[in-house]
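Pasting my_file.tsv here (TSV, C-alpha atoms):
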chain	number	residue	atom	x	y	z
I	1	MET	CA	-44.31	122.07	86.68
I	2	ALA	CA	-44.26	119.75	83.68
I	3	GLY	CA	-41.31	117.71	82.48
I	4	CYS	CA	-39.46	118.80	79.36
I	5	PRO	CA	-39.44	116.60	76.23
I	6	SER	CA	-36.66	114.12	75.52
I	7	VAL	CA	-35.26	113.24	72.11
I	8	LEU	CA	-34.25	110.01	70.38
I	9	ALA	CA	-30.49	109.60	70.08
I	10	PRO	CA	-28.93	108.67	66.71
I	11	SER	CA	-28.68	104.91	66.24
I	12	THR	CA	-25.26	105.03	64.53
I	13	PRO	CA	-21.92	106.62	65.48
I	14	ARG	CA	-21.59	110.32	64.75
I	15	PRO	CA	-18.36	112.36	64.52
I	16	ILE	CA	-17.81	114.82	67.36
I	17	ALA	CA	-14.39	116.04	66.13
I	18	GLN	CA	-13.06	116.04	62.57
I	19	ASN	CA	-10.09	117.08	60.41
I	20	LEU	CA	-7.54	115.96	63.01
I	21	PRO	CA	-4.04	114.95	61.81
I	22	ALA	CA	-3.91	111.48	63.40
I	23	PRO	CA	-6.05	110.97	66.54
I	24	ASP	CA	-5.04	107.89	68.48
I	25	ASP	CA	-5.87	107.16	72.13
I	26	LEU	CA	-8.73	108.46	74.29
I	27	ALA	CA	-9.44	108.94	77.99
I	28	PHE	CA	-11.73	111.00	80.20
I	29	ASP	CA	-10.25	113.36	82.77
I	30	ASN	CA	-11.60	113.93	86.27
I	31	THR	CA	-14.01	116.64	85.09
I	32	GLY	CA	-15.52	114.51	82.31
I	33	ARG	CA	-13.65	116.10	79.39
I	34	LEU	CA	-12.59	113.77	76.59
I	35	LEU	CA	-8.81	113.71	76.14
I	36	PHE	CA	-7.12	112.57	72.95
I	37	SER	CA	-3.57	112.13	71.71
I	38	ASP	CA	-2.50	112.89	68.14
I	39	VAL	CA	0.51	110.94	66.90
I	40	ASN	CA	1.36	113.22	63.97
I	41	ALA	CA	0.79	116.50	65.78
I	42	GLY	CA	2.66	115.34	68.92
I	43	THR	CA	-0.08	116.74	71.14
I	44	VAL	CA	-2.53	115.83	73.87
I	45	SER	CA	-5.76	117.84	73.82
I	46	ALA	CA	-9.11	118.07	75.57
I	47	LEU	CA	-12.45	118.18	73.78
I	48	ASN	CA	-14.80	120.41	75.74
I	49	ALA	CA	-18.55	119.91	76.02
I	50	ASP	CA	-19.21	122.80	73.62
I	51	GLY	CA	-17.02	121.23	70.92
I	52	THR	CA	-14.02	123.50	71.41
I	53	MET	CA	-10.57	122.02	71.90
I	54	GLN	CA	-7.83	122.90	74.35
I	55	ARG	CA	-4.23	121.81	73.86
I	56	LEU	CA	-2.78	120.40	77.08
I	57	ALA	CA	0.68	119.31	75.92
I	58	SER	CA	2.82	119.44	72.78
I	59	GLY	CA	6.23	118.39	71.55
I	60	ILE	CA	5.68	114.71	72.45
I	61	ALA	CA	7.18	112.12	70.10
I	62	GLU	CA	4.17	110.05	69.00
I	63	PRO	CA	1.87	110.36	72.04
I	64	GLU	CA	-0.35	107.31	72.54
I	65	GLY	CA	-2.14	106.07	75.68
I	66	ILE	CA	-3.45	108.50	78.31
I	67	VAL	CA	-4.28	107.98	81.99
I	68	ALA	CA	-5.85	110.70	84.15
I	69	ARG	CA	-4.58	110.58	87.74
I	70	PRO	CA	-6.64	111.55	90.82
I	71	ASP	CA	-4.68	114.80	91.24
I	72	GLY	CA	-5.58	115.92	87.70
I	73	THR	CA	-2.17	115.26	86.13
I	74	LEU	CA	-1.89	112.92	83.15
I	75	LEU	CA	0.34	110.01	82.24
I	76	VAL	CA	1.01	109.79	78.51
I	77	ALA	CA	2.81	107.02	76.63
I	78	GLU	CA	5.48	108.60	74.41
I	79	GLN	CA	5.95	105.90	71.80
I	80	GLY	CA	8.77	107.68	69.96
I	81	ARG	CA	10.99	107.71	73.07
I	82	ASN	CA	9.59	104.54	74.71
I	83	ARG	CA	8.71	106.20	77.99
I	84	ILE	CA	5.79	107.47	80.06
I	85	ASP	CA	5.50	111.23	80.49
I	86	LEU	CA	3.88	113.14	83.31
I	87	VAL	CA	1.80	116.04	81.96
I	88	ASP	CA	0.49	118.95	84.02
I	89	PRO	CA	-2.58	120.15	82.05
I	90	GLN	CA	-2.51	123.51	83.82
I	91	SER	CA	1.12	124.50	83.20
I	92	HIS	CA	1.48	122.23	80.11
I	93	LEU	CA	4.78	121.00	81.56
I	94	VAL	CA	5.91	117.58	80.29
I	95	SER	CA	8.40	115.55	82.35
I	96	VAL	CA	9.61	111.94	82.34
I	97	TRP	CA	7.70	109.64	84.74
I	98	ARG	CA	9.43	106.39	83.75
I	99	ALA	CA	11.56	105.31	80.79
I	100	PHE	CA	11.73	101.75	79.47
I	101	PRO	CA	14.49	100.06	77.46
I	102	ASN	CA	13.54	98.94	73.96
I	103	ARG	CA	15.58	95.88	73.05
I	104	THR	CA	13.93	95.54	69.65
I	105	ALA	CA	13.58	97.44	66.40
I	106	ASP	CA	9.81	97.73	66.97
I	107	ALA	CA	7.81	100.84	67.88
I	108	GLY	CA	7.76	101.83	71.54
I	109	ILE	CA	5.08	101.77	74.22
I	110	ASP	CA	1.52	102.18	72.94
I	111	GLY	CA	-1.56	102.29	75.19
I	112	ILE	CA	-1.29	102.39	79.00
I	113	GLY	CA	-3.51	102.18	82.03
I	114	PRO	CA	-5.57	101.69	84.02
I	115	ILE	CA	-4.72	102.68	87.58
I	116	ILE	CA	-5.35	99.62	89.77
I	117	PRO	CA	-8.33	100.35	92.07
I	118	ALA	CA	-8.73	99.10	95.60
I	119	PRO	CA	-10.55	95.74	95.47
I	120	GLY	CA	-14.27	95.92	96.20
I	121	VAL	CA	-16.23	93.60	98.44
I	122	GLY	CA	-15.35	90.08	97.34
I	123	GLY	CA	-13.08	91.46	94.62
I	124	ARG	CA	-9.43	90.84	93.97
I	125	SER	CA	-6.49	92.77	92.60
I	126	ILE	CA	-3.52	91.55	90.58
I	127	ALA	CA	-1.37	94.47	91.80
I	128	SER	CA	-1.28	97.09	94.53
I	129	ALA	CA	-4.00	99.73	94.49
I	130	GLY	CA	-2.69	102.88	92.83
I	131	ASP	CA	-0.21	101.08	90.59
I	132	VAL	CA	-0.39	101.92	86.87
I	133	VAL	CA	-0.59	99.13	84.30
I	134	VAL	CA	2.00	99.64	81.55
I	135	PRO	CA	2.07	97.22	78.59
I	136	ASP	CA	5.70	97.20	77.47
I	137	SER	CA	4.75	96.87	73.80
I	138	PRO	CA	8.09	96.13	72.10
I	139	ASN	CA	9.21	93.64	74.75
I	140	GLY	CA	5.91	91.75	75.16
I	141	VAL	CA	5.70	92.38	78.92
I	142	VAL	CA	3.01	93.93	81.14
I	143	TRP	CA	4.14	95.86	84.22
I	144	ALA	CA	2.46	97.33	87.30
I	145	VAL	CA	4.34	100.55	88.06
I	146	SER	CA	4.18	102.35	91.40
I	147	PRO	CA	2.46	105.76	91.49
I	148	ASP	CA	5.81	107.58	91.64
I	149	GLY	CA	7.13	105.65	88.63
I	150	ARG	CA	10.16	104.34	90.51
I	151	SER	CA	9.43	100.62	90.84
I	152	ALA	CA	7.80	98.06	88.54
I	153	THR	CA	6.40	94.58	89.07
I	154	ARG	CA	6.09	92.17	86.16
I	155	LEU	CA	2.51	90.95	85.69
I	156	ALA	CA	2.81	88.93	82.48
I	157	THR	CA	5.28	88.01	79.76
I	158	GLY	CA	5.28	86.15	76.46
I	159	MET	CA	2.98	88.44	74.49
I	160	VAL	CA	3.69	89.55	70.92
I	161	ARG	CA	2.86	93.27	71.30
I	162	PRO	CA	0.60	94.31	74.22
I	163	VAL	CA	-0.88	97.72	73.47
I	164	GLY	CA	-3.51	98.58	76.08
I	165	ALA	CA	-5.28	97.49	79.25
I	166	ALA	CA	-8.60	97.71	81.07
I	167	ILE	CA	-9.91	96.23	84.30
I	168	ASP	CA	-13.40	94.90	85.08
I	169	GLY	CA	-15.44	95.00	88.28
I	170	SER	CA	-14.02	91.72	89.60
I	171	GLY	CA	-10.40	92.81	89.16
I	172	ARG	CA	-9.63	90.95	85.93
I	173	LEU	CA	-7.14	92.75	83.70
I	174	PHE	CA	-7.68	92.64	79.93
I	175	VAL	CA	-4.76	93.26	77.56
I	176	PRO	CA	-5.10	93.55	73.76
I	177	ASP	CA	-2.13	92.01	71.98
I	178	GLU	CA	-1.55	92.99	68.33
I	179	GLY	CA	-0.33	89.45	67.80
I	180	GLY	CA	-4.00	88.46	67.57
I	181	ALA	CA	-5.26	87.94	71.11
I	182	LEU	CA	-7.18	89.62	73.89
I	183	TRP	CA	-5.62	88.27	77.07
I	184	VAL	CA	-7.13	88.25	80.55
I	185	LEU	CA	-4.95	88.21	83.68
I	186	ASP	CA	-6.73	86.86	86.75
I	187	PRO	CA	-3.82	86.66	87.73
I	188	ALA	CA	-2.65	83.90	85.33
I	189	ARG	CA	-2.72	84.76	81.63
I	190	HIS	CA	-5.55	83.24	79.55
I	191	ARG	CA	-6.72	83.88	76.00
I	192	PHE	CA	-10.10	85.63	76.25
I	193	ALA	CA	-10.63	86.04	72.48
I	194	SER	CA	-8.77	85.74	69.19
I	195	LEU	CA	-9.02	88.92	67.11
I	196	ALA	CA	-7.46	90.56	64.06
I	197	THR	CA	-4.84	92.94	65.48
I	198	PRO	CA	-6.65	94.24	68.59
I	199	ASP	CA	-5.50	97.74	69.56
I	200	ASP	CA	-7.49	98.97	72.56
I	201	VAL	CA	-10.08	97.78	75.09
I	202	SER	CA	-12.63	99.36	77.42
I	203	VAL	CA	-15.03	97.84	79.98
I	204	THR	CA	-18.58	99.00	80.78
I	205	HIS	CA	-20.16	99.26	84.23
I	206	GLY	CA	-21.82	95.91	83.53
I	207	ASP	CA	-18.50	94.28	82.51
I	208	GLN	CA	-19.19	94.23	78.77
I	209	LEU	CA	-16.00	94.71	76.75
I	210	PHE	CA	-15.36	96.75	73.61
I	211	VAL	CA	-12.21	96.07	71.58
I	212	THR	CA	-10.94	98.01	68.56
I	213	THR	CA	-9.34	95.83	65.89
I	214	LEU	CA	-7.10	97.12	63.12
I	215	GLY	CA	-7.08	93.92	61.09
I	216	ASP	CA	-10.77	94.10	60.18
I	217	ASN	CA	-11.56	97.79	60.89
I	218	ALA	CA	-14.13	97.01	63.56
I	219	ILE	CA	-15.14	97.31	67.19
I	220	HIS	CA	-16.06	94.00	68.83
I	221	GLU	CA	-18.37	93.78	71.84
I	222	PHE	CA	-18.07	90.83	74.26
I	223	ASP	CA	-19.94	89.84	77.38
I	224	ALA	CA	-18.06	89.05	80.58
I	225	HIS	CA	-17.74	85.39	79.58
I	226	GLY	CA	-16.09	86.01	76.20
I	227	HIS	CA	-19.17	85.60	74.00
I	228	GLN	CA	-19.27	88.08	71.14
I	229	VAL	CA	-22.35	90.30	71.32
I	230	SER	CA	-21.92	92.60	68.31
I	231	VAL	CA	-19.47	93.94	65.72
I	232	LEU	CA	-19.44	97.60	64.68
I	233	ALA	CA	-17.72	98.50	61.41
I	234	ALA	CA	-15.33	101.47	61.56
I	235	SER	CA	-13.65	101.75	58.20
I	236	HIS	CA	-10.75	104.12	58.94
I	237	GLN	CA	-8.59	102.20	61.44
I	238	PRO	CA	-10.35	102.47	64.85
I	239	GLN	CA	-7.69	102.79	67.53
I	240	GLY	CA	-8.42	104.55	70.82
I	241	ILE	CA	-11.64	103.73	72.66
I	242	ALA	CA	-13.33	105.10	75.79
I	243	LEU	CA	-16.65	104.99	77.65
I	244	ASP	CA	-18.21	107.94	79.45
I	245	GLY	CA	-20.11	107.77	82.72
I	246	ALA	CA	-23.22	106.52	80.93
I	247	ASP	CA	-21.33	103.85	78.95
I	248	ASN	CA	-21.60	105.72	75.67
I	249	LEU	CA	-18.87	104.65	73.26
I	250	TYR	CA	-16.16	106.96	71.88
I	251	PHE	CA	-13.49	105.90	69.40
I	252	THR	CA	-10.91	107.40	67.08
I	253	GLU	CA	-10.68	106.67	63.37
I	254	PHE	CA	-6.98	107.17	62.78
I	255	TYR	CA	-6.98	107.52	59.01
I	256	GLY	CA	-10.31	109.35	58.98
I	257	GLY	CA	-8.92	112.08	61.27
I	258	ARG	CA	-11.94	112.06	63.54
I	259	ILE	CA	-13.45	111.02	66.87
I	260	ASP	CA	-16.85	109.33	66.84
I	261	ARG	CA	-19.51	108.78	69.51
I	262	LEU	CA	-22.19	106.11	69.73
I	263	ILE	CA	-24.90	106.85	72.28
I	264	ARG	CA	-25.73	103.50	73.87
I	265	THR	CA	-27.86	104.68	76.82
I	266	PHE	CA	-28.49	108.40	77.29
I	267	PHE	CA	-26.68	111.64	76.59
I	268	LEU	CA	-27.13	115.26	77.66
I	269	GLN	CA	-27.61	117.78	74.88
I	270	VAL	CA	-27.60	121.57	75.28
I	271	PRO	CA	-30.10	122.37	78.07
I	272	SER	CA	-32.69	125.14	77.98
I	273	VAL	CA	-33.02	127.66	80.80
I	274	THR	CA	-36.01	129.88	81.61
I	275	ARG	CA	-35.76	132.74	84.13
I	276	MET	CA	-38.93	132.50	86.21
I	277	ALA	CA	-38.19	135.38	88.58
I	278	THR	CA	-35.18	137.13	90.08
I	279	GLY	CA	-32.75	134.38	91.07
I	280	ILE	CA	-35.16	131.54	90.12
I	281	TYR	CA	-34.56	129.43	87.01
I	282	ARG	CA	-36.24	126.45	85.35
I	283	VAL	CA	-33.71	124.10	83.77
I	284	CYS	CA	-34.57	121.49	81.13
I	285	PRO	CA	-31.69	118.95	80.82
I	286	MET	CA	-32.64	117.75	77.27
I	287	ILE	CA	-31.89	114.03	77.52
I	288	ALA	CA	-31.25	112.04	74.33
I	289	ARG	CA	-32.12	108.36	74.85
I	290	ALA	CA	-30.87	105.50	72.74
I	291	ALA	CA	-33.57	103.38	71.13
I	292	GLY	CA	-34.64	100.67	73.57
I	293	PHE	CA	-33.12	102.38	76.61
I	294	SER	CA	-35.92	102.80	79.14
I	295	ASP	CA	-34.17	102.79	82.54
I	296	PRO	CA	-35.56	105.33	85.05
I	297	LEU	CA	-33.38	108.41	85.47
I	298	SER	CA	-33.00	110.97	88.25
I	299	ILE	CA	-31.91	114.61	88.37
I	300	ILE	CA	-29.67	116.03	91.07
I	301	ALA	CA	-28.44	119.61	91.33
I	302	ALA	CA	-25.06	120.01	93.00
I	303	SER	CA	-25.73	121.06	96.57
I	304	THR	CA	-24.05	124.31	97.58
I	305	ALA	CA	-24.82	127.06	100.05
I	306	SER	CA	-25.98	129.28	97.18
I	307	VAL	CA	-28.13	126.74	95.25
I	308	SER	CA	-31.44	125.31	96.40
I	309	ALA	CA	-34.01	123.25	94.48
I	310	VAL	CA	-37.51	124.75	94.44
I	311	GLN	CA	-39.29	122.10	92.32
I	312	LEU	CA	-38.25	118.87	90.66
I	313	VAL	CA	-39.81	116.61	88.03
I	314	GLU	CA	-37.89	113.38	87.44
I	315	PRO	CA	-37.31	112.28	83.83
I	316	GLY	CA	-39.68	109.71	82.34
I	317	THR	CA	-39.18	107.36	79.42
I	318	ASP	CA	-40.39	110.12	77.09
I	319	SER	CA	-39.42	113.14	79.20
I	320	SER	CA	-36.22	114.90	80.26
I	321	GLY	CA	-37.77	116.05	83.50
I	322	ALA	CA	-37.08	119.53	84.84
I	323	ILE	CA	-35.63	121.27	87.87
I	324	GLU	CA	-36.33	124.72	89.25
I	325	VAL	CA	-33.57	126.24	91.32
I	326	LYS	CA	-33.02	129.36	93.36
I	327	THR	CA	-29.51	130.76	93.16
I	328	SER	CA	-27.41	133.87	92.66
I	329	ASP	CA	-24.73	131.89	90.85
I	330	ALA	CA	-24.02	132.29	87.13
I	331	SER	CA	-24.17	128.52	86.58
I	332	ILE	CA	-25.13	125.28	88.30
I	333	ARG	CA	-23.94	121.70	88.03
I	334	ILE	CA	-26.54	118.98	87.49
I	335	SER	CA	-26.24	115.20	87.35
I	336	ILE	CA	-28.48	112.70	85.58
I	337	LEU	CA	-28.33	109.28	87.21
I	338	ASP	CA	-29.34	105.76	86.25
I	339	LYS	CA	-29.21	104.25	89.72
I	340	THR	CA	-30.15	100.79	88.47
I	341	ALA	CA	-27.11	100.45	86.18
I	342	GLY	CA	-24.77	102.77	88.08
I	343	LEU	CA	-24.54	105.28	85.22
I	344	SER	CA	-24.27	109.05	85.51
I	345	LEU	CA	-23.53	112.16	83.45
I	346	ASP	CA	-22.78	115.64	84.76
I	347	GLN	CA	-23.41	118.94	83.03
I	348	THR	CA	-22.61	122.56	83.85
I	349	VAL	CA	-25.61	124.75	83.01
I	350	SER	CA	-25.10	128.45	82.37
I	351	LEU	CA	-27.88	130.60	83.81
I	352	ALA	CA	-26.78	133.77	82.02
I	353	SER	CA	-29.31	135.20	79.57
For this file, produce the structure as structure tokens.
Amino acid sequence: MAGCPSVLAPSTPRPIAQNLPAPDDLAFDNTGRLLFSDVNAGTVSALNADGTMQRLASGIAEPEGIVARPDGTLLVAEQGRNRIDLVDPQSHLVSVWRAFPNRTADAGIDGIGPIIPAPGVGGRSIASAGDVVVPDSPNGVVWAVSPDGRSATRLATGMVRPVGAAIDGSGRLFVPDEGGALWVLDPARHRFASLATPDDVSVTHGDQLFVTTLGDNAIHEFDAHGHQVSVLAASHQPQGIALDGADNLYFTEFYGGRIDRLIRTFFLQVPSVTRMATGIYRVCPMIARAAGFSDPLSIIAASTASVSAVQLVEPGTDSSGAIEVKTSDASIRISILDKTAGLSLDQTVSLAS
């Protein structure tokens, strides 16, 4: 069995959703769907792999930051009411998780997250594992809030307007402050970079940082030591930012009404499926590689009692590989892994003709 061809990914960002009223923050849920809030529409929606959208919640006053919890529920910053909502994406029920007082005339809470992970080997944590980081935007404070929303511990004060948060592999917490700084808490507060109205931040598996900046309509990339690596122009107010399991970059352009994607490593396009015999299928993943990305990749089919791999060809630098499976199921789940960098993407493959 021969491997299937791969393709070269676009070298510039491409829109994956357009004509949106006012897309703001982004996050990935536990199944890999891209979630986005829309300030003008008052909604939180999911962008499915096939490009369709599913509304998960509505009636929210200026929804901003989103955090997906392990149980599948979502925390959403409701800027218009200065509180964090708990959203059940199945029932679409919206309830109050925690409200915050706003002692100013400024807009309410903006971006939130992340959930504090348990410290790794040799790592550290500035708060208890499971706590949610909440930048109290109007009051210039950053809190760690317990999973039930009932108690809060102050992590930092003295900021102008903190509007987001992300954590790296060593437990450092990064907070963009629209006053012109990207702060790092480790646990003391230090200025990591000076930027023109930073709005959101995300951290790669290798601890590179991406920061959206409203003051110069750009996305700035930094290494773990604060050295700027690159600047990407995004002319329509880039706000929310997120990275998928392969560290590909997603960002909203607020005034452009769209969500863009930049493939930095590899991405999975629509696969092809060939029925070889009754219950036996050959699946071609169709991997799009970014220029210069040559890491070895591996294919894994989700192991179930009804799915077994018959043959396997691993992807090469110019090949998507292939897998032949025997199953009576209507679909299978495959994963493409970059074990060297710790990257992975999953894809559900329909076997129906």
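Atom to atom, CA of Gly215 in chain I and CA of Pro198 in chain I stand 7.5 Å apart.
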Taking 2 positions as the minimum chain separation for residues in the same chain, which residues sit within 12 Å of Ala322 in chain I when counting all atoms listed in the file? Answer as a ChimeraX atom specification. /I:1-6,271-274,281-287,297-301,309-316,319-320,324-325,334-336
Have a look at I:Asp207, I:Leu26, I:Gly51, I:Ala305 and name the one nearest to Ile66 in chain I; count all atoms listed in the file. I:Leu26
Residues within 10 Å of range 75-88 of chain I, only C-alpha atoms, excluding chain neighbours under 6 positions, as JSON, numbers by chain: {"I": [25, 37, 39, 42, 44, 56, 57, 58, 60, 61, 62, 63, 64, 65, 66, 67, 68, 69, 94, 95, 96, 97, 98, 99, 100, 101, 102, 107, 108, 109, 110, 111, 112, 113, 132, 134, 136, 137, 138, 149]}
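A straight line drawn from CA of Thr252 in chain I to CA of Thr43 in chain I is 14.9 Å long.
Distance annotation: of I:Arg289, I:Arg333, I:Arg33, I:Arg103, the residue with the minimal separation from Val307 in chain I is I:Arg333; atom set is all atoms listed in the file.
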Centre, x/y/z edge lengths, axis-aligned box for range 149-168 of chain I with 3 Å per side, as lines of an AutoDock Vina configuration file:
center_x = -1.6
center_y = 95.9
center_z = 80.9
size_x = 29.6
size_y = 25.5
size_z = 25.9
Identify the residues around (-29.3, 102.2, 70.9) within a radius of 10 Å, measuring from only C-alpha atoms in the coordinates stated by the file, and give them as number ranges by chain. I: 8-12, 248, 262-266, 289-293
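The shortest atom-to-atom distance to Gly179 in chain I, with all atoms listed in the file taken into account, belongs to I:Pro162 out of I:Gly32, I:Pro21, I:Gly256, I:Pro162.
Residue nearest Leu182 in chain I, chosen from I:Gly169, I:Gly72, I:Gly226, I:Pro147 and counting only C-alpha atoms: I:Gly226.
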